[in-house]
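Here the structure is laid out as structure tokens; the discussion comes afterwards.
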Amino acid sequence: MSAILCLNAGSSSIKFSLYRYSPDASLLLTGSVSGLTADQQYLTYTSYKSCGEVLESIKNQEIDCPDHDSAFKVFMEHLDSKIGEKRLLSFDDIYVACHRIVHGGSNPRPLLITEEVYHELDILSDLAPLHNQRALDIVHSCISRLKGTKNVAFFDSSFHMTIPRHIYTYPIDLDVQKRHQIRKYGFHGLSYAFISHETADYFGVDEDDLNIIALHLGSGASACAILGGKSINTSMGLTPLEGLPGATRSGSVDPSLIFHYHSDSSRMSTASSKDVHLTIAEDILNKRSGWQSITGTTDFGLITKRAVEENDERAKLAFDMFVDRVSMYVGQYWVALQGKAVALVFAGGIGEKGKELRAAVIEKVSCLGFTIDKELNTTASTTSDVIFDVSKKDAKLKTLVVQTDEQLQMAKEVIDTRL
Ligand SMILES: Nc1ncnc2c1ncn2[C@@H]1O[C@H](COP(=O)(O)OP(=O)(O)O)[C@@H](O)[C@H]1O
Ligand SMILES: CC(=O)OP(=O)(O)O
Ligand SMILES: [Mg+2]
């Protein structure tokens, strides 16, 4: 048997899926370790028999996992024990390991990870301080553990390489931008590619004819305007810090703010490592801001509960801030798409599970014609449907919830391109 291993190192989680290398990419196992920025981590894991029947399932089991690397080790041990029981496959069967690498510079497509490519991506680590290095550590573990397996990098930034120049250019010195490759890159691209594909299928149209506003709201959050199946604008920028706030990220703020926050913010932070160079400014805005700084937790589910059920002031503030910033992008991208969007799509941990947030955002943007049905909205948070319509009956514009799957997107690209 030949298999495809897909690994996705998010800022608060590591997600892994193993597929059979077959036209339908049938799932052998999938799971995640979540809560990597919180006090408690959880392991979720399901393995399948070849007929598709569930073999073993663990849901939100509490585990102690301080970082991404140990989370990956937990996964490998699990996989090892399954292989030991001869239930799944041998490590030698893993033909390709796909790695979600958040920052890929201007690379428009996946790359086989050679020593040279690894080095190139290593250099980009400073531009995605919560992501690239962690993913590269996992690449490193795969290279030493899975000897016969090819490692391929899939970039979050690739999907946004269609953004027009006047949008990806910052209004600063053009020579400096060129010299330092400063531009809007944009991220969550594997998720947006998956969303575009599923949404086009749902409407029964070619992806080239699809116009939507998509929201990937997770530990890191972004919005994307998709015209004719292609990204024409997105809220993240040179790094995944720009745009919407996140679990520990500020999102967009007045660039001068940091000099008032800290008197020596350009000094290197003690959080720097030999691989990731981080100034105090970057450390504050990437790791010590966002929901954590406002509410004391990175768990937006908990923030929502406190805001809605307990009327907690800090939680309400965070919730209202998020609704405000998200709706602002919906408005902006509605104009970017010249009112031609057929749907607003929610995805990512918060987008998929946060029914209260979806309801509040839709209320704010209802002037554009978006609607939400209360009952369907509740069902959407628990359904296993990949795409779920939560709009009111007969609504012309759709509000959709997509269970995005960056691992499956990588596996499909492997199969489609016969990598
Ligand atoms: N019921 C819920 N309501 C709102 N947010 C939730 C809920 N359950 C989980 N979340 C949030 O989803 C986020 C994780 O999203 P995810 O996209 O999986 O993260 P990552 O950025 O690590 O890939 C966390 O902030 C978590 O609090
Ligand atoms: C780009 C990004 O922020 O990704 P994630 O939400 O997975 O952390
Ligand atoms: Mg993610």
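Ordered as shown in the structure tokens, chains take letters A, B, and onward, while each chain numbers its residues from 1 and ligands are numbered from 1 in the order shown.
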Taking only C-alpha atoms and all ligand atoms into account, which residues are within 9 Å of ligand 2, as a VMD selection string?
chain A and resid 8 to 14 102 to 103 128 130 to 131 156 to 157 186 to 189 216 to 222 236 239 to 241 246 to 247 348 to 349
Please report, as a list in words, each residue of region 280-379 of chain A to which DSSP assigns strand (DSSP E or B) when run on this structure's backbone.
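Taking region 280-379 of chain A and keeping strand (DSSP E or B) only, one gets Ala343, Leu344, Val345, Phe346 and Ala347 of chain A.
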Go ahead and write the residues just picked, all heavy atoms, as a tab-separated table (two decimals), in the first residue's frame.
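That gives us part_39.tsv:
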chain	number	residue	atom	x	y	z
A	343	ALA	N	-21.78	34.16	-1.62
A	343	ALA	CA	-21.82	33.56	-0.28
A	343	ALA	C	-20.76	34.16	0.64
A	343	ALA	O	-19.73	34.66	0.19
A	343	ALA	CB	-21.58	32.05	-0.38
A	344	LEU	N	-21.08	34.09	1.93
A	344	LEU	CA	-20.10	34.40	2.98
A	344	LEU	C	-19.83	33.07	3.66
A	344	LEU	O	-20.77	32.41	4.14
A	344	LEU	CB	-20.70	35.42	3.96
A	344	LEU	CG	-19.82	35.77	5.17
A	344	LEU	CD1	-18.50	36.38	4.74
A	344	LEU	CD2	-20.55	36.76	6.09
A	345	VAL	N	-18.55	32.67	3.68
A	345	VAL	CA	-18.21	31.34	4.20
A	345	VAL	C	-17.44	31.46	5.50
A	345	VAL	O	-16.44	32.19	5.58
A	345	VAL	CB	-17.35	30.56	3.17
A	345	VAL	CG1	-17.03	29.16	3.69
A	345	VAL	CG2	-18.07	30.47	1.83
A	346	PHE	N	-17.90	30.74	6.51
A	346	PHE	CA	-17.19	30.68	7.79
A	346	PHE	C	-16.41	29.36	7.87
A	346	PHE	O	-16.97	28.30	7.60
A	346	PHE	CB	-18.17	30.70	8.96
A	346	PHE	CG	-18.81	32.05	9.20
A	346	PHE	CD1	-19.96	32.42	8.50
A	346	PHE	CD2	-18.28	32.93	10.11
A	346	PHE	CE1	-20.55	33.65	8.73
A	346	PHE	CE2	-18.85	34.17	10.35
A	346	PHE	CZ	-20.00	34.53	9.65
A	347	ALA	N	-15.14	29.43	8.29
A	347	ALA	CA	-14.34	28.22	8.47
A	347	ALA	C	-13.32	28.45	9.57
A	347	ALA	O	-13.24	29.55	10.14
A	347	ALA	CB	-13.65	27.86	7.15
Every residue of region 58-140 of chain A that DSSP places in alpha helix (DSSP H), as an MDAnalysis selection string:
chainID A and resid 68:84 115:123 132:140
Restricting the output to C-alpha atoms, write the selected residues as a tab-separated table (two decimals), in the first residue's frame.
chain	number	residue	atom	x	y	z
A	68	HIS	CA	4.49	21.34	18.65
A	69	ASP	CA	7.47	19.03	18.64
A	70	SER	CA	6.20	16.95	21.55
A	71	ALA	CA	2.74	16.93	19.93
A	72	PHE	CA	4.30	15.48	16.80
A	73	LYS	CA	6.08	12.86	18.92
A	74	VAL	CA	2.73	11.87	20.46
A	75	PHE	CA	1.37	11.37	16.96
A	76	MET	CA	4.38	9.32	15.82
A	77	GLU	CA	4.16	7.08	18.90
A	78	HIS	CA	0.50	6.51	18.20
A	79	LEU	CA	1.20	5.71	14.58
A	80	ASP	CA	4.06	3.44	15.60
A	81	SER	CA	1.84	1.44	17.94
A	82	LYS	CA	-0.80	1.00	15.22
A	83	ILE	CA	1.85	-0.13	12.80
A	84	GLY	CA	3.15	-2.49	15.49
A	115	GLU	CA	18.46	20.79	1.50
A	116	GLU	CA	18.40	24.02	-0.52
A	117	VAL	CA	14.61	24.45	-0.17
A	118	TYR	CA	14.82	23.71	3.55
A	119	HIS	CA	17.39	26.47	3.90
A	120	GLU	CA	15.21	28.93	1.89
A	121	LEU	CA	12.24	28.22	4.15
A	122	ASP	CA	14.39	28.51	7.22
A	123	ILE	CA	15.27	32.06	6.17
A	132	ASN	CA	7.56	28.17	9.91
A	133	GLN	CA	10.17	26.99	12.34
A	134	ARG	CA	7.74	24.65	14.08
A	135	ALA	CA	6.76	23.11	10.74
A	136	LEU	CA	10.41	22.82	9.75
A	137	ASP	CA	11.22	20.98	12.99
A	138	ILE	CA	8.57	18.47	11.97
A	139	VAL	CA	10.07	18.23	8.47
A	140	HIS	CA	13.36	17.50	10.16
Could you list, as a PyMOL selection string, every residue within 12 Å of region 49-61 of chain A, counting only C-alpha atoms and ignoring same-chain residues fewer than 3 positions away?
chain A and resi 1+19-20+22+24-35+40-46+64-65+78+82+86-89
Residues from the last selection, N, CA, C and O atoms, saved as a short mmCIF file (atom, residue, chain, number, x, y, z; two decimals), in the first residue's frame:
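That gives us out-v4.cif:
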data_model
loop_
_atom_site.label_atom_id
_atom_site.label_comp_id
_atom_site.auth_asym_id
_atom_site.auth_seq_id
_atom_site.Cartn_x
_atom_site.Cartn_y
_atom_site.Cartn_z
N MET A 1 0.84 -1.19 0.00
CA MET A 1 0.00 0.00 0.00
C MET A 1 0.88 1.25 0.00
O MET A 1 1.97 1.25 0.56
N TYR A 19 -3.60 9.27 4.42
CA TYR A 19 -4.53 8.83 3.37
C TYR A 19 -3.91 7.72 2.56
O TYR A 19 -2.69 7.68 2.39
N ARG A 20 -4.78 6.89 2.01
CA ARG A 20 -4.32 5.93 1.02
C ARG A 20 -4.02 6.71 -0.26
O ARG A 20 -4.78 7.63 -0.60
N SER A 22 -4.83 6.86 -3.32
CA SER A 22 -5.82 6.32 -4.25
C SER A 22 -6.64 7.50 -4.78
O SER A 22 -6.61 8.57 -4.18
N ASP A 24 -9.54 8.44 -4.52
CA ASP A 24 -10.46 9.09 -3.56
C ASP A 24 -9.75 9.50 -2.27
O ASP A 24 -10.39 10.01 -1.35
N ALA A 25 -8.45 9.33 -2.19
CA ALA A 25 -7.67 9.67 -0.99
C ALA A 25 -8.38 9.19 0.27
O ALA A 25 -8.68 9.97 1.17
N SER A 26 -8.65 7.86 0.34
CA SER A 26 -9.43 7.39 1.52
C SER A 26 -8.59 7.52 2.78
O SER A 26 -7.37 7.29 2.80
N LEU A 27 -9.30 7.90 3.85
CA LEU A 27 -8.65 8.27 5.10
C LEU A 27 -8.27 7.02 5.89
O LEU A 27 -9.10 6.13 6.11
N LEU A 28 -7.02 6.95 6.34
CA LEU A 28 -6.58 5.84 7.20
C LEU A 28 -6.61 6.27 8.66
O LEU A 28 -6.97 5.52 9.55
N LEU A 29 -6.19 7.48 8.89
CA LEU A 29 -6.32 8.04 10.24
C LEU A 29 -6.23 9.56 10.19
O LEU A 29 -5.66 10.14 9.26
N THR A 30 -6.83 10.19 11.18
CA THR A 30 -6.77 11.65 11.27
C THR A 30 -6.84 12.05 12.73
O THR A 30 -7.40 11.31 13.55
N GLY A 31 -6.29 13.19 13.05
CA GLY A 31 -6.36 13.62 14.44
C GLY A 31 -5.67 14.94 14.65
O GLY A 31 -5.18 15.58 13.71
N SER A 32 -5.63 15.36 15.90
CA SER A 32 -4.97 16.62 16.22
C SER A 32 -4.56 16.65 17.68
O SER A 32 -5.11 15.93 18.52
N VAL A 33 -3.57 17.48 17.96
CA VAL A 33 -3.30 17.87 19.35
C VAL A 33 -3.61 19.36 19.37
O VAL A 33 -3.02 20.14 18.62
N SER A 34 -4.61 19.76 20.16
CA SER A 34 -5.00 21.17 20.19
C SER A 34 -4.68 21.78 21.55
O SER A 34 -4.29 21.08 22.49
N GLY A 35 -4.84 23.09 21.64
CA GLY A 35 -4.62 23.79 22.92
C GLY A 35 -3.16 24.04 23.22
O GLY A 35 -2.78 24.22 24.38
N GLN A 40 -4.18 23.50 28.92
CA GLN A 40 -4.44 22.07 28.74
C GLN A 40 -4.47 21.71 27.26
O GLN A 40 -5.07 22.42 26.46
N GLN A 41 -3.83 20.60 26.91
CA GLN A 41 -3.85 20.14 25.52
C GLN A 41 -4.75 18.91 25.40
O GLN A 41 -4.94 18.18 26.38
N TYR A 42 -5.29 18.73 24.20
CA TYR A 42 -6.22 17.62 23.96
C TYR A 42 -5.82 16.85 22.72
O TYR A 42 -5.48 17.44 21.70
N LEU A 43 -5.92 15.52 22.85
CA LEU A 43 -5.63 14.65 21.70
C LEU A 43 -6.94 14.11 21.15
O LEU A 43 -7.79 13.61 21.90
N THR A 44 -7.12 14.27 19.85
CA THR A 44 -8.27 13.68 19.17
C THR A 44 -7.69 12.81 18.07
O THR A 44 -6.72 13.21 17.42
N TYR A 45 -8.28 11.63 17.88
CA TYR A 45 -7.63 10.68 16.98
C TYR A 45 -8.66 9.65 16.50
O TYR A 45 -9.39 9.09 17.31
N THR A 46 -8.76 9.45 15.20
CA THR A 46 -9.63 8.38 14.69
C THR A 46 -8.87 7.61 13.62
O THR A 46 -8.29 8.22 12.72
N ASP A 64 -0.53 16.04 28.25
CA ASP A 64 0.44 17.07 28.56
C ASP A 64 1.37 17.22 27.39
O ASP A 64 2.12 16.30 27.08
N CYS A 65 1.32 18.34 26.74
CA CYS A 65 2.09 18.50 25.51
C CYS A 65 2.51 19.96 25.39
O CYS A 65 1.77 20.78 24.88
N HIS A 78 1.80 7.10 18.47
CA HIS A 78 0.50 6.51 18.20
C HIS A 78 0.52 5.71 16.90
O HIS A 78 0.05 4.59 16.84
N LYS A 82 0.17 1.57 16.18
CA LYS A 82 -0.80 1.00 15.22
C LYS A 82 -0.07 0.12 14.23
O LYS A 82 -0.50 -0.97 13.90
N LYS A 86 0.13 -4.14 13.27
CA LYS A 86 -0.06 -4.54 11.86
C LYS A 86 -1.47 -4.21 11.37
O LYS A 86 -2.05 -4.88 10.53
N ARG A 87 -2.05 -3.16 11.92
CA ARG A 87 -3.41 -2.84 11.49
C ARG A 87 -3.43 -1.89 10.30
O ARG A 87 -4.32 -1.90 9.50
N LEU A 88 -2.42 -1.03 10.23
CA LEU A 88 -2.51 0.00 9.21
C LEU A 88 -1.53 -0.21 8.07
O LEU A 88 -1.91 -0.64 7.00
N LEU A 89 -0.29 0.08 8.29
CA LEU A 89 0.71 0.00 7.23
C LEU A 89 2.08 0.09 7.86
O LEU A 89 2.21 0.19 9.07
#
Any idea what's packed within 12 Å of Cys98 (chain A), counting only C-alpha atoms, ignoring anything in its chain fewer than 5 positions away? Could you give it as number ranges by chain?
A: 3-9, 15-19, 110-113, 135-136, 138-139, 142-143, 149-155, 190, 406-415, 419
Mind pulling up the distance from atom 21 (O, counted along the ligand's line) of ligand 1 to CA of Asp126 (chain A)?
18.2 Å
Tell me, as a ChimeraX atom specification, which residues lie within 8 Å of region 297-302 of chain A, counting only C-alpha atoms; anything in the same chain fewer than 3 positions away does not count.
/A:35,37-38,219,247-248,291-293,305-306,350,354
